[in-house]
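Quick notes on the structure that follows.
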Amino acid sequence: MEDLKAALRDRCLTVASLPEKGRSLLAATDFHPGQVILSQEPYVFAPNAAEPRCDGCFATSARLRKCSACQAVWYCGSSCQKSEWKMHRLECMALARLDKEKRKSVTPSIRLMIKLYIRRKLQDEKIISTTAMDNYSLVDALVSHMSEINEKQLVLYAQMANLINIILQWPEINIKEVAENFSKLSCNAHTICDSELRPLGTGLYPVISIINHSCLPNAVLLFEGRTAVVRAVQHIPQGSEVLISYIETAGSTTTRLKSLREQYHFACACPRCAKLGQPDDIKESAILEGYRCEDDRCSGFLLRDSEKQGFVCQQCGRVRNKEEIRDIASEIKLMSERTSSSTSPEAVSIYKMIENLQGKLYHPSSIILLQTREKILKMLMDLEDWKEALVYCKLTIPVYERVYPGYHPLLGLQYYTSGKLEWLLDDTGNAIKSLTKAVDILRVTHGTNTEFVRELVMKLEEARAEASHNLSCADE
């Protein structure tokens with residue numbers, strides 16, 4: 001731990017134990033928006049199983065080839081295969097012993113655990129080097145929350161640990177320790193995403209895991225390839241705790257607390273969650289997850305009346321009958337059962353019918369309505385219906401602006417989507433406005449020197465050049 005403290009001190013960071021929180025990461029200097037606070041390579045990682053991905057760089061391409069020996073791992077070329085060979089050699093031998101059916105049970109979580117023990121073995125044998133920020137003792141120090149896990153989950157972890165034992169066949173394997181490590185992965189591993197926050201895989205970053213959660217974070221965790229990078233999104237004064245968000249923060253306090261309790265086994269006491277039950281929090285929860293006033297001209301939010309016969313608009317006083325609400329909710333449920341994961345004009349039509357019903361039921365700023373519109377937007381993008389996609393993108397942005405702080409990657413990416421669509425539709429003026437907003441946010445969250453932001457800035461410059469050219473042509 002002293003080695004880690006020294007390594008973090010070189011990065012102007014300190015580790016301290018805070019009441020009710022345990023280990024915490026503190027700033028030993030001022031950090032400003034956009035500044036990198038900490039970066040780390042994964043101790044272990046594995047790509048998602050949804051589609052074949054290179055085990056080294058997570059790329060998907062026609063050039064992907066399976067490992068000829070184990071037939072379970074993909075590579076994009078010899079470079080990635082060679083870079084991963086020290087780790088994969090032992091994994092390959094273990095996987096190759098499995099029959100075809102058993103190999104199907106090797107999920108990304110199972111692979112993460114196999115790789116965890118292989119990496120520990122190779123570091124113990126000095127085949128892979130260790131550093132202050134790359135060694136198994138950092139994994140050992142992670143909290144497992146085993147005492148807070150229900151019996152069903154404990155049984156599952158025991159079964160998964162037994163599978164690891166069967167696959168590796170190492171006499172030194174401790175099944176109880178493996179089960180505890182599965183619990184550690186559950187609450188410490190991070191989903192590795194690309195620059196547009198699309199999930200690619202899972203990685204364990206033991207030093208990043210020291211950073212605690214807040215529903216009002218002052219930093220953001222994103223990924224550059226496999227590297228986890230934490231950047232400040234607010235001014236973080238010296239001595240302050242560095243905080244990121246573990247969950248989707250666009251939800252009511254009750255929803256956030258439930259999510260954190262179930263996944264991470266703690267009760268959040270951040271400034272947002274501390275307002276639970278206060279008038280502002282009740283209002284925000286009713287807007288985000290509650291019903292709308294039946295008067296379309298009223299933007300009020302509804303609360304259940306004292307006799308629980310209906311819901312009263314807090315702005316105009318109208319009462320909405322709970323039977324009417326139940327009927328619409330039932331209709332939405334029936335309609336939702338007709339949806340499928342495929343993208344087609346028919347699927348878009350069904351989701352639009354659901355959206356129409358949700359528009360009658362939920363507040364205009366409802367998260368539920370937003371999620372439906374996001375699904376429609378994605379399908380329209382896949383169908384290359386740019387005009388209709390822009391309509392839905394514009395519908396989502398006011399809700400994004402409401403639920404996310406100014407420097408949030410999702411808000412920046414939504415502006416980026418809007419700008420791209422506007423440019424495709426030759427609305428260069430509005431494209432410049434949207435792309436400018438995207439750049440202002442994403443250069444803070446993603447960094448100014450990343451390839452993604454450089455490409456975005458280039459698009460903005462091209463749009464400005466096009467607008468200037470159009471203006472000069474019009475003057476002639």
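Labels for the structure tokens follow display order: chains A, B, ..., residues from 1 in each chain, ligands from 1.
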
**Prompt:** Quick one: residues within 12 Å of stretch 212-217 of chain A, only C-alpha atoms counted, chain neighbours fewer than 6 positions away excluded, as a ChimeraX atom specification?
**Reply:** /A:15-18,20-26,187-188,230-236,240-253,255-257,259-260,264-275,403-408

**A:Met113 surroundings by only C-alpha atoms, 8 Å radius, close-in-sequence under 5 positions cut, as JSON, numbers by chain** = {"A": [164, 178, 181, 182]}

**Asked** Got a sec to tell me which of stretch 16-179 of chain A DSSP assigns to strand (DSSP E or B), as a PyMOL selection string?
**Response** chain A and resi 16-18+22-27+31+36-40+44-47+54+65-66+74-75+131+134

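With only C-alpha atoms as the basis for measurement, A:Tyr43 is the residue among A:Tyr43, A:Trp74, A:Trp170, A:Tyr117 that approaches A:Ser209 most closely.
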
**Request:** Choose the residue, out of A:His32, A:Ile118, A:Ile328, A:Met160, that has the smallest atom-to-atom separation from A:Ala94; count only C-alpha atoms.
**Result:**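 Selected residue with least distance to A:Ala94: A:Ile118.
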
**Request:** For stretch 416-432 of chain A, please output as an NGL selection string all residues within 8 Å (counting only C-alpha atoms; exclusion window: fewer than 2 positions along the same chain).
**Result:** :A and (386-387 or 389-390 or 393-394 or 412-414 or 434-438 or 460 or 463-464 or 466-467)

**Asked** Residues of stretch 50-129 of chain A in helix (DSSP H, G or I) according to DSSP, as number ranges by chain?
**Response** A: 78-83, 85-96, 100-103, 108-124

**Asked** Neighbours of A:Thr191 within 9 Å (only C-alpha atoms; same-chain residues fewer than 5 positions away dropped), as a PyMOL selection string?
**Response** chain A and resi 199-204

**Request:** Give me, please, the distance in Å between atom CA of A:Thr60 and atom CA of A:Tyr75, quoted to one decimal.
**Result:**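 Pair atom CA of A:Thr60 / atom CA of A:Tyr75 returns 9.2 Å.
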
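Separating atom CA of A:Ala158 from atom CA of A:Ile114 is a distance of 14.7 Å.
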
**Request:** Could you check which of A:Val457, A:Ile350, A:Ala49, A:Val207 is closest to A:Val139, using only C-alpha atoms?
**Result:** A:Val207

**Request:** Find the residues around A:Ser341 up to 12 Å (only C-alpha atoms counted), leave out those fewer than 4 positions away in its own chain, and share them as a list of chain:residue names.
**Result:**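 Selected residues are A:Ser336, A:Glu337, A:Glu346, A:Ala347, A:Val348, A:Ile350, A:Tyr351, A:Lys375, A:Ile376, A:Lys378, A:Met379.
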
**Two-atom distance - atom CA of A:Gly77, atom CA of A:Pro47 (Å)** = 15.9 Å

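If only C-alpha atoms are the atoms counted, then among A:Arg318, A:Lys352, A:His145, A:Lys115 the closest residue to A:Gln263 is A:His145.
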